[in-house]
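This is start05.txt (compact mmCIF, C-alpha atoms).
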```txt
# COMPACT_ATOMS: atom_id res chain seq x y z
CA MET A 12 12.65 1.15 -34.38
CA GLY A 13 9.12 0.42 -33.09
CA GLU A 14 9.77 2.35 -29.86
CA ASP A 15 10.48 5.52 -31.88
CA LEU A 16 7.15 5.43 -33.73
CA ASP A 17 3.54 5.79 -32.69
CA HIS A 18 0.20 5.71 -34.47
CA ASP A 19 0.19 9.48 -34.99
CA THR A 20 3.61 9.70 -36.62
CA VAL A 21 3.93 6.48 -38.63
CA ALA A 22 3.10 6.74 -42.31
CA HIS A 23 -0.43 5.36 -42.76
CA GLY A 24 -0.51 3.04 -45.78
CA MET A 25 -4.25 2.41 -45.70
CA MET A 26 -5.72 5.84 -46.44
CA PRO A 27 -7.40 5.52 -49.86
CA GLU A 28 -8.65 8.52 -51.80
CA ASP A 29 -12.25 9.47 -51.20
CA SER A 30 -14.69 8.09 -53.76
CA ALA A 31 -18.35 7.15 -54.12
CA GLU A 32 -17.37 3.48 -53.99
CA LEU A 33 -15.37 3.99 -50.78
CA ARG A 34 -18.26 5.84 -49.09
CA ALA A 35 -20.59 3.03 -50.12
CA LEU A 36 -18.18 0.51 -48.63
CA TYR A 37 -18.15 2.34 -45.28
CA ARG A 38 -21.97 2.61 -45.34
CA GLY A 39 -22.11 -1.14 -45.86
CA PHE A 40 -19.85 -1.64 -42.85
CA ALA A 41 -22.09 0.54 -40.67
CA GLU A 42 -25.35 -1.03 -41.86
CA ASN A 43 -24.01 -4.48 -41.04
CA HIS A 44 -22.55 -3.54 -37.64
CA MET A 45 -18.93 -3.68 -38.74
CA ASN A 46 -15.90 -1.43 -38.12
CA PRO A 47 -12.65 -1.65 -40.10
CA LEU A 48 -9.48 -2.07 -38.03
CA TRP A 49 -7.46 0.39 -40.13
CA THR A 50 -9.53 3.36 -38.93
CA GLN A 51 -9.17 2.62 -35.20
CA THR A 52 -5.83 0.90 -34.61
CA GLY A 53 -4.67 3.60 -32.20
CA ASP A 54 -7.68 3.07 -29.94
CA LEU A 55 -7.77 -0.73 -30.09
CA MET A 56 -4.02 -1.34 -29.93
CA PRO A 57 -2.30 1.68 -28.36
CA MET A 58 1.47 1.83 -28.00
CA HIS A 59 0.98 1.63 -24.21
CA PRO A 60 -2.10 1.53 -21.93
CA LYS A 61 -4.23 4.65 -22.21
CA PRO A 62 -6.91 4.16 -19.55
CA ARG A 63 -10.07 6.21 -19.37
CA ALA A 64 -9.79 5.99 -15.59
CA VAL A 65 -7.74 8.84 -14.11
CA PRO A 66 -5.58 9.15 -11.00
CA HIS A 67 -7.68 10.54 -8.19
CA VAL A 68 -7.61 11.15 -4.42
CA TRP A 69 -10.65 10.96 -2.12
CA LYS A 70 -10.24 12.69 1.26
CA TRP A 71 -11.45 10.82 4.35
CA SER A 72 -12.40 14.16 5.89
CA VAL A 73 -15.03 14.45 3.14
CA LEU A 74 -15.99 10.78 2.79
CA LEU A 75 -16.73 10.10 6.45
CA PRO A 76 -19.19 13.00 7.01
CA LEU A 77 -21.08 11.97 3.86
CA ALA A 78 -21.24 8.38 5.12
CA GLU A 79 -22.47 9.65 8.49
CA ALA A 80 -25.18 11.70 6.76
CA SER A 81 -26.30 8.62 4.84
CA GLY A 82 -26.55 6.82 8.19
CA ARG A 83 -28.99 9.46 9.45
CA LEU A 84 -31.07 9.59 6.28
CA VAL A 85 -31.01 6.14 4.63
CA PRO A 86 -32.09 2.95 6.42
CA VAL A 87 -30.20 -0.27 5.80
CA GLY A 88 -32.12 -3.39 4.83
CA ARG A 89 -33.30 -5.83 2.21
CA GLY A 90 -33.36 -4.54 -1.35
CA GLY A 91 -30.59 -1.98 -1.11
CA GLU A 92 -28.69 -4.49 1.08
CA ARG A 93 -25.82 -2.24 2.19
CA ARG A 94 -25.28 1.40 3.10
CA ALA A 95 -22.20 1.51 0.89
CA ILE A 96 -21.13 4.53 -1.18
CA GLY A 97 -19.00 3.60 -4.18
CA LEU A 98 -16.10 5.80 -5.27
CA ALA A 99 -16.69 6.88 -8.86
CA ASN A 100 -13.53 7.48 -10.88
CA PRO A 101 -13.98 10.82 -12.70
CA GLY A 102 -12.83 9.27 -15.98
CA LEU A 103 -15.41 6.47 -16.07
CA GLY A 104 -18.58 8.37 -16.88
CA GLY A 105 -20.25 8.38 -13.48
CA LYS A 106 -20.09 4.63 -12.82
CA ALA A 107 -19.27 3.77 -9.21
CA TYR A 108 -16.02 2.12 -10.29
CA VAL A 109 -12.74 3.18 -8.75
CA SER A 110 -11.10 1.57 -11.82
CA PRO A 111 -12.24 -0.57 -14.77
CA THR A 112 -11.73 -3.73 -12.68
CA LEU A 113 -12.16 -2.65 -9.04
CA TRP A 114 -14.85 -1.26 -6.77
CA ALA A 115 -14.11 0.66 -3.58
CA ALA A 116 -16.80 1.93 -1.25
CA VAL A 117 -17.27 3.39 2.21
CA GLN A 118 -19.76 1.27 4.16
CA TYR A 119 -21.48 2.64 7.26
CA LEU A 120 -23.44 0.69 9.87
CA GLY A 121 -25.24 2.49 12.66
CA PRO A 122 -25.64 1.43 16.29
CA ARG A 123 -27.37 -1.97 16.71
CA GLU A 124 -28.04 -2.18 12.96
CA THR A 125 -27.97 -5.37 10.90
CA ALA A 126 -27.20 -5.65 7.19
CA PRO A 127 -29.02 -8.75 5.86
CA GLU A 128 -27.24 -11.78 4.49
CA HIS A 129 -26.69 -12.42 0.80
CA ARG A 130 -24.08 -13.91 -1.48
CA HIS A 131 -22.72 -13.08 -4.92
CA SER A 132 -20.14 -14.23 -7.43
CA GLN A 133 -18.01 -11.15 -6.85
CA ASN A 134 -15.08 -11.40 -4.44
CA ALA A 135 -15.06 -8.89 -1.59
CA PHE A 136 -13.00 -7.72 1.34
CA ARG A 137 -13.32 -5.12 4.10
CA PHE A 138 -10.53 -3.04 5.59
CA VAL A 139 -11.03 -1.12 8.83
CA VAL A 140 -9.19 2.17 9.24
CA GLU A 141 -10.83 2.96 12.59
CA GLY A 142 -13.56 1.72 14.93
CA GLU A 143 -14.84 -1.59 16.24
CA GLY A 144 -18.07 -3.25 17.32
CA VAL A 145 -19.20 -4.87 14.06
CA TRP A 146 -19.13 -8.58 13.30
CA THR A 147 -19.40 -9.86 9.74
CA VAL A 148 -20.94 -13.33 9.60
CA VAL A 149 -19.40 -15.33 6.74
CA ASN A 150 -21.12 -18.66 6.00
CA GLY A 151 -22.40 -18.70 9.56
CA ASP A 152 -19.04 -17.86 11.19
CA PRO A 153 -19.04 -14.54 13.15
CA VAL A 154 -15.85 -12.57 12.40
CA ARG A 155 -14.89 -9.57 14.54
CA MET A 156 -14.05 -6.36 12.64
CA SER A 157 -11.51 -4.09 14.34
CA ARG A 158 -9.06 -1.34 13.43
CA GLY A 159 -6.37 -2.46 10.99
CA ASP A 160 -8.04 -5.78 10.19
CA LEU A 161 -8.50 -7.19 6.70
CA LEU A 162 -11.71 -9.25 6.44
CA LEU A 163 -12.49 -11.47 3.44
CA THR A 164 -15.75 -12.49 1.81
CA PRO A 165 -14.75 -14.59 -1.21
CA GLY A 166 -17.26 -15.10 -4.00
CA TRP A 167 -20.43 -17.08 -3.25
CA ASN A 168 -20.01 -16.96 0.54
CA PHE A 169 -23.13 -15.88 2.42
CA HIS A 170 -22.39 -12.83 4.55
CA GLY A 171 -24.12 -10.18 6.63
CA HIS A 172 -23.04 -7.67 9.25
CA HIS A 173 -24.33 -6.63 12.65
CA ASN A 174 -23.26 -3.79 14.94
CA ASP A 175 -23.21 -4.88 18.57
CA ARG A 176 -22.44 -1.40 19.96
CA GLU A 177 -24.10 1.95 20.55
CA ALA A 178 -21.65 3.67 18.22
CA PRO A 179 -21.60 3.59 14.40
CA MET A 180 -18.74 2.14 12.38
CA ALA A 181 -17.39 2.80 8.88
CA TRP A 182 -14.93 0.84 6.78
CA ILE A 183 -13.97 0.37 3.14
CA ASP A 184 -15.21 -2.40 0.89
CA GLY A 185 -13.21 -3.65 -2.09
CA LEU A 186 -14.72 -5.87 -4.77
CA ASP A 187 -14.12 -6.99 -8.35
CA ILE A 188 -17.60 -5.76 -9.40
CA PRO A 189 -16.50 -3.88 -12.57
CA PHE A 190 -14.49 -6.84 -13.85
CA SER A 191 -17.33 -9.26 -13.08
CA GLN A 192 -19.89 -7.00 -14.71
CA GLN A 193 -17.88 -6.53 -17.90
CA MET A 194 -17.28 -10.28 -18.12
CA ASP A 195 -20.99 -11.08 -17.45
CA VAL A 196 -20.19 -13.62 -14.74
CA GLY A 197 -22.32 -12.28 -11.88
CA PHE A 198 -24.86 -14.23 -9.82
CA PHE A 199 -26.63 -13.02 -6.66
CA GLU A 200 -28.76 -14.74 -4.03
CA PHE A 201 -30.62 -13.39 -0.99
CA GLY A 202 -29.94 -15.01 2.37
CA ALA A 203 -31.44 -14.52 5.81
CA ASP A 204 -33.03 -11.16 6.61
CA LYS A 205 -30.98 -11.19 9.80
CA VAL A 206 -27.53 -12.69 10.30
CA THR A 207 -27.53 -16.39 11.11
CA ASP A 208 -25.38 -16.00 14.24
CA TYR A 209 -25.34 -12.97 16.54
CA ALA A 210 -22.48 -14.31 18.66
CA THR A 211 -19.58 -11.92 19.22
CA PRO A 212 -16.48 -14.11 19.67
CA ASN A 213 -13.07 -12.50 19.79
CA PHE A 214 -11.84 -15.01 17.20
CA SER A 215 -13.85 -16.70 14.49
CA ARG A 216 -13.84 -20.45 13.97
CA GLY A 217 -11.82 -19.94 10.80
CA GLU A 218 -9.12 -18.09 12.74
CA ARG A 219 -8.98 -20.75 15.41
CA LEU A 220 -8.33 -23.33 12.69
CA TRP A 221 -6.13 -21.41 10.26
CA ALA A 222 -4.40 -18.49 12.05
CA ASN A 223 -1.58 -20.52 13.58
CA PRO A 224 1.65 -19.43 11.86
CA GLY A 225 3.31 -22.11 9.77
CA LEU A 226 0.81 -24.78 10.83
CA ARG A 227 -1.83 -26.35 8.59
CA PRO A 228 -4.60 -28.55 9.95
CA LEU A 229 -4.36 -32.08 8.57
CA SER A 230 -8.16 -32.16 8.39
CA GLN A 231 -8.03 -29.50 5.64
CA LEU A 232 -5.36 -30.56 3.14
CA GLN A 233 -7.25 -29.59 -0.01
CA ASP A 234 -6.15 -26.30 -1.57
CA THR A 235 -8.83 -23.61 -1.86
CA VAL A 236 -9.33 -20.93 -4.53
CA SER A 237 -9.65 -18.22 -1.88
CA SER A 238 -8.29 -18.03 1.63
CA PRO A 239 -10.27 -20.02 4.23
CA LEU A 240 -8.92 -17.53 6.80
CA ALA A 241 -11.42 -14.65 6.79
CA ALA A 242 -9.60 -12.29 9.17
CA PHE A 243 -6.04 -10.99 9.04
CA ARG A 244 -5.47 -9.17 12.32
CA TRP A 245 -3.69 -5.86 12.72
CA GLU A 246 -1.46 -7.06 15.54
CA HIS A 247 0.13 -9.61 13.19
CA THR A 248 0.49 -7.14 10.32
CA ASP A 249 2.01 -4.51 12.60
CA ARG A 250 4.46 -6.99 14.13
CA ALA A 251 5.62 -8.21 10.72
CA LEU A 252 6.28 -4.66 9.48
CA THR A 253 8.00 -3.66 12.73
CA GLU A 254 10.32 -6.65 12.58
CA GLN A 255 11.25 -5.98 8.94
CA LEU A 256 12.45 -2.49 9.85
CA LEU A 257 14.26 -3.75 12.96
CA LEU A 258 16.06 -6.36 10.86
CA GLU A 259 17.00 -3.61 8.40
CA ASP A 260 18.43 -1.61 11.31
CA GLU A 261 20.54 -4.66 12.22
CA GLY A 262 21.92 -4.90 8.68
CA HIS A 263 19.88 -7.88 7.50
CA PRO A 264 17.91 -8.03 4.21
CA ALA A 265 14.23 -7.73 5.11
CA THR A 266 12.64 -4.73 3.36
CA VAL A 267 11.66 -4.20 -0.28
CA ALA A 268 13.73 -0.99 -0.36
CA PRO A 269 15.52 1.11 2.26
CA GLY A 270 12.98 2.28 4.83
CA HIS A 271 10.13 0.46 3.08
CA ALA A 272 8.59 -2.58 4.79
CA ALA A 273 5.77 -4.43 3.06
CA VAL A 274 3.71 -7.61 3.37
CA ARG A 275 1.25 -9.47 1.17
CA TYR A 276 -1.79 -11.20 2.65
CA VAL A 277 -1.87 -14.81 1.44
CA ASN A 278 -4.12 -17.83 1.17
CA PRO A 279 -2.68 -20.30 3.73
CA THR A 280 -3.56 -23.30 1.56
CA THR A 281 -1.54 -22.17 -1.47
CA GLY A 282 0.68 -19.26 -0.44
CA GLY A 283 -0.94 -17.30 -3.28
CA ASP A 284 -3.26 -14.31 -3.24
CA VAL A 285 -6.14 -14.26 -0.80
CA MET A 286 -8.67 -14.20 -3.65
CA PRO A 287 -8.33 -15.05 -7.35
CA THR A 288 -9.01 -11.51 -8.60
CA ILE A 289 -7.70 -9.22 -5.83
CA ARG A 290 -4.26 -8.81 -4.25
CA CYS A 291 -4.00 -7.22 -0.80
CA GLU A 292 -0.84 -5.73 0.73
CA PHE A 293 0.26 -3.44 3.54
CA HIS A 294 3.16 -0.97 3.28
CA ARG A 295 5.06 0.96 5.94
CA LEU A 296 7.53 3.73 5.12
CA ARG A 297 9.91 5.25 7.63
CA GLU A 298 9.69 9.00 8.13
CA GLY A 299 11.45 10.72 5.22
CA THR A 300 11.38 7.69 2.89
CA GLN A 301 10.54 8.15 -0.78
CA THR A 302 9.80 5.23 -3.07
CA GLU A 303 10.98 4.98 -6.65
CA ALA A 304 8.45 5.96 -9.27
CA ARG A 305 6.83 2.96 -10.91
CA ARG A 306 4.23 2.00 -13.50
CA GLU A 307 2.28 -1.26 -13.63
CA VAL A 308 -0.33 -2.78 -15.89
CA GLY A 309 -3.61 -2.98 -13.98
CA SER A 310 -5.19 -0.85 -11.27
CA THR A 311 -4.03 -0.25 -7.72
CA VAL A 312 -5.82 1.48 -4.82
CA PHE A 313 -4.35 2.67 -1.52
CA GLN A 314 -5.89 3.81 1.76
CA VAL A 315 -3.71 5.63 4.26
CA PHE A 316 -4.01 3.81 7.57
CA GLU A 317 -1.82 6.05 9.69
CA GLY A 318 0.60 8.95 9.28
CA ARG A 319 1.09 11.77 6.78
CA GLY A 320 2.77 11.87 3.44
CA ALA A 321 2.18 12.34 -0.24
CA VAL A 322 1.53 10.40 -3.40
CA VAL A 323 2.79 11.57 -6.79
CA LEU A 324 0.39 10.45 -9.54
CA ASP A 325 1.59 11.07 -13.11
CA GLY A 326 3.70 13.98 -11.89
CA THR A 327 1.10 15.63 -9.64
CA ARG A 328 1.85 15.59 -5.91
CA HIS A 329 -1.06 15.10 -3.49
CA ALA A 330 -0.72 15.43 0.27
CA VAL A 331 -2.56 12.59 2.02
CA ASP A 332 -3.18 11.50 5.58
CA LYS A 333 -5.24 9.04 7.61
CA GLY A 334 -8.18 7.52 5.76
CA ASP A 335 -7.50 9.14 2.38
CA ILE A 336 -7.96 6.82 -0.62
CA PHE A 337 -6.26 7.14 -3.99
CA VAL A 338 -6.19 5.16 -7.23
CA ALA A 339 -3.43 4.68 -9.78
CA PRO A 340 -4.93 3.40 -13.06
CA SER A 341 -3.05 1.15 -15.45
CA TRP A 342 0.38 2.50 -16.43
CA CYS A 343 -0.05 5.59 -14.26
CA GLN A 344 3.30 6.52 -12.73
CA TRP A 345 3.15 6.72 -8.94
CA SER A 346 5.46 7.09 -5.97
CA LEU A 347 5.08 7.62 -2.22
CA GLU A 348 6.68 10.11 0.17
CA ALA A 349 6.57 9.72 3.96
CA GLU A 350 6.40 12.88 6.09
CA THR A 351 5.93 10.77 9.23
CA GLN A 352 5.88 6.99 9.58
CA PHE A 353 3.49 6.19 6.76
CA ASP A 354 1.23 3.11 6.85
CA LEU A 355 -0.86 2.24 3.80
CA PHE A 356 -3.20 -0.60 2.85
CA ARG A 357 -3.10 -1.50 -0.85
CA PHE A 358 -5.26 -3.65 -3.12
CA SER A 359 -5.02 -4.32 -6.83
CA ASP A 360 -6.15 -6.50 -9.72
CA ALA A 361 -2.65 -7.99 -10.09
CA PRO A 362 -3.83 -11.64 -9.89
CA ILE A 363 -5.91 -11.13 -13.04
CA MET A 364 -3.10 -9.41 -14.92
CA GLU A 365 -0.52 -11.99 -13.92
CA ARG A 366 -2.68 -15.02 -14.63
CA LEU A 367 -3.54 -13.70 -18.09
CA GLN A 368 0.13 -12.82 -18.76
CA PHE A 369 -0.64 -9.11 -19.23
CA MET A 370 1.44 -7.85 -16.31
CA ARG A 371 4.28 -5.44 -17.05
CA SER A 372 6.00 -2.99 -14.75
CA GLN A 373 8.53 -0.20 -15.03
CA VAL A 374 10.52 1.12 -12.08
CA GLY A 375 12.20 4.51 -12.21
CA GLY A 376 12.26 6.99 -15.07
```
Structure encoded using structure tokens:
Amino acid sequence: MGEDLDHDTVAHGMMPEDSAELRALYRGFAENHMNPLWTQTGDLMPMHPKPRAVPHVWKWSVLLPLAEASGRLVPVGRGGERRAIGLANPGLGGKAYVSPTLWAAVQYLGPRETAPEHRHSQNAFRFVVEGEGVWTVVNGDPVRMSRGDLLLTPGWNFHGHHNDREAPMAWIDGLDIPFSQQMDVGFFEFGADKVTDYATPNFSRGERLWANPGLRPLSQLQDTVSSPLAAFRWEHTDRALTEQLLLEDEGHPATVAPGHAAVRYVNPTTGGDVMPTIRCEFHRLREGTQTEARREVGSTVFQVFEGRGAVVLDGTRHAVDKGDIFVAPSWCQWSLEAETQFDLFRFSDAPIMERLQFMRSQVGG
């Protein structure tokens, strides 16, 4: 019965006749900073999520030139800290939030530039759609940033970046800034004005210790909240996706759906998500593949890494290609269509929703 009713159609049993006493009651509520539930049930407890955030697509062909212009006009340094341009969801009143829980930004570092070190409570990652030459230094460990790599900066880790080349580089940042801000949990601390180590190793110390498949160092048996491995390399991601599709060709179960390979980046100490508030995945669709439409509680953001295709967001089809970024807010229906082989990086707030037992999903229909 409850599924057939909503707040607009159910008979409202708490609508008293207007009177001087009733108006006085409501004035008393207002004067004492009170609001009665019976006048706002539909907003506070909707029948299903009704986010203010809206589905939206940002085109890389627009984002990158704007980032390049900021590189010419705006210096990077202490105070502003980063030349990062946040994506502002059109439904969230101008705040640089891609969703109510997630931040996504394009960061741009010019030739030989250094972004100073700092640390903050918020969890962060970087994903590189193209380019190389930048090292991010995380707690003193220089980590190479290259095309297709996922780089982590978990909360309260000192980090800065330096460009070792004569060419600029851009990438996307993802953080849980909106969630942290709404929960009032943020702390921030300045670090060195320059990075603490300008070395440019091919592999960071963390990779040398942790990036050995199926092997855990006995010197590090304690589980960690976030992944101690700060770099997930493209060659490993690509190989895993390729092998899933090859196994599918051979008739073995390996993909999440026909023509759809996918992986989740994990914390090697727990097998769980790389950070407590953000889930990161990578998806590859064969040419011509279409995914089933789905809805999920929580926000999800994609960046197209390679190929051409489309995303359908609440019934509206958007053509997307390399570098384009799109967001599906909570309970927005979305599906993917691959015109060519279609590679996409995805991040979401799923760890929050699952840990708090709010997660629901609906596939199809």
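In this model, the gap between CA of Thr302 in chain A and CA of Glu246 in chain A comes to 25.0 Å.
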Which residue is closest to Thr235 in chain A? Choose from A:Pro212, A:Gly24, A:Gly217, A:Pro287 and count only C-alpha atoms.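 Smallest distance to Thr235 in chain A is found for A:Pro287.
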Atomic distance CA of Leu367 in chain A - CA of Gln193 in chain A, expressed in Å with one decimal: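 CA of Gln193 in chain A lies at a distance of 16.0 Å from CA of Leu367 in chain A.
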Among the residues A:Met25, A:Val267, A:Ala35, A:Ile336, the one that comes closest to Leu48 in chain A [using all atoms listed in the file]: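 So, comparing all the options, the nearest one is A:Met25.
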Centre and edge lengths, as lines of an AutoDock Vina configuration file, for the axis-aligned box enclosing every listed atom of range 265-278 of chain A with 5 Å of padding on each of the six sides, in Å to one decimal?
```
center_x = 5.7
center_y = -7.8
center_z = 2.4
size_x = 29.6
size_y = 30.1
size_z = 15.5
```
May I have the protein, DNA and RNA residues with any atom at most 9 Å from the point (-10.1, -1.6, 9.6), counting all atoms listed in the file, written as a ChimeraX atom specification? /A:137-143,156-162,181-183,245,316
Check which residues of range 301-339 of chain A sit at most 12 Å from range 106-122 of chain A using only C-alpha atoms, and return one row each with the closest pair of atoms and their distance in Å to one decimal, ordered by chain and rising number, as CSV.
```
residue,atom,partner,partner_atom,distance
A:Val308,CA,A:Thr112,CA,11.9
A:Gly309,CA,A:Thr112,CA,8.3
A:Ser310,CA,A:Ser110,CA,6.4
A:Thr311,CA,A:Ser110,CA,8.4
A:Val312,CA,A:Val109,CA,8.1
A:Phe313,CA,A:Ala115,CA,10.2
A:Gln314,CA,A:Ala115,CA,10.3
A:Gly334,CA,A:Val117,CA,10.6
A:Asp335,CA,A:Val117,CA,11.3
A:Ile336,CA,A:Ala115,CA,9.2
A:Phe337,CA,A:Val109,CA,9.0
A:Val338,CA,A:Val109,CA,7.0
A:Ala339,CA,A:Ser110,CA,8.5
```
Could you tell me which of A:Val206, A:Val145, A:Pro165, A:Ala349 comes closest to Glu177 in chain A if we count only C-alpha atoms? A:Val145
Could you check how far CA of Gly88 in chain A sits from CA of Gly197 in chain A, in Å to one decimal?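 CA of Gly197 in chain A lies 21.3 Å from CA of Gly88 in chain A.
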Which one of A:Thr280, A:Asn150, A:Asn168, A:Asn43 sits closest to Phe198 in chain A if you count only C-alpha atoms?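 Of A:Thr280, A:Asn150, A:Asn168, A:Asn43, the one nearest Phe198 in chain A, counting only C-alpha atoms, is A:Asn168.
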I want to know what sits within 8 Å of Val196 in chain A, based on all atoms listed in the file, with residues of the same chain fewer than 3 positions away left out; could you give that as a PDB file with C-alpha atoms, in the coordinates of the input?
```pdb
ATOM      1  CA  SER A 132     -20.140 -14.230  -7.430  1.00  0.00           C
ATOM      2  CA  SER A 191     -17.330  -9.260 -13.080  1.00  0.00           C
ATOM      3  CA  GLN A 192     -19.890  -7.000 -14.710  1.00  0.00           C
TER       4      GLN A 192
END
```
Might you pull out every residue within 9 Å of Ser346 in chain A, with all atoms listed in the file counted and same-chain residues fewer than 5 positions away left off, and present them as a list of chain:residue names? A:Gln301, A:Thr302, A:Glu303, A:Ala304, A:Arg305, A:Ala321, A:Val322, A:Val323, A:Leu324
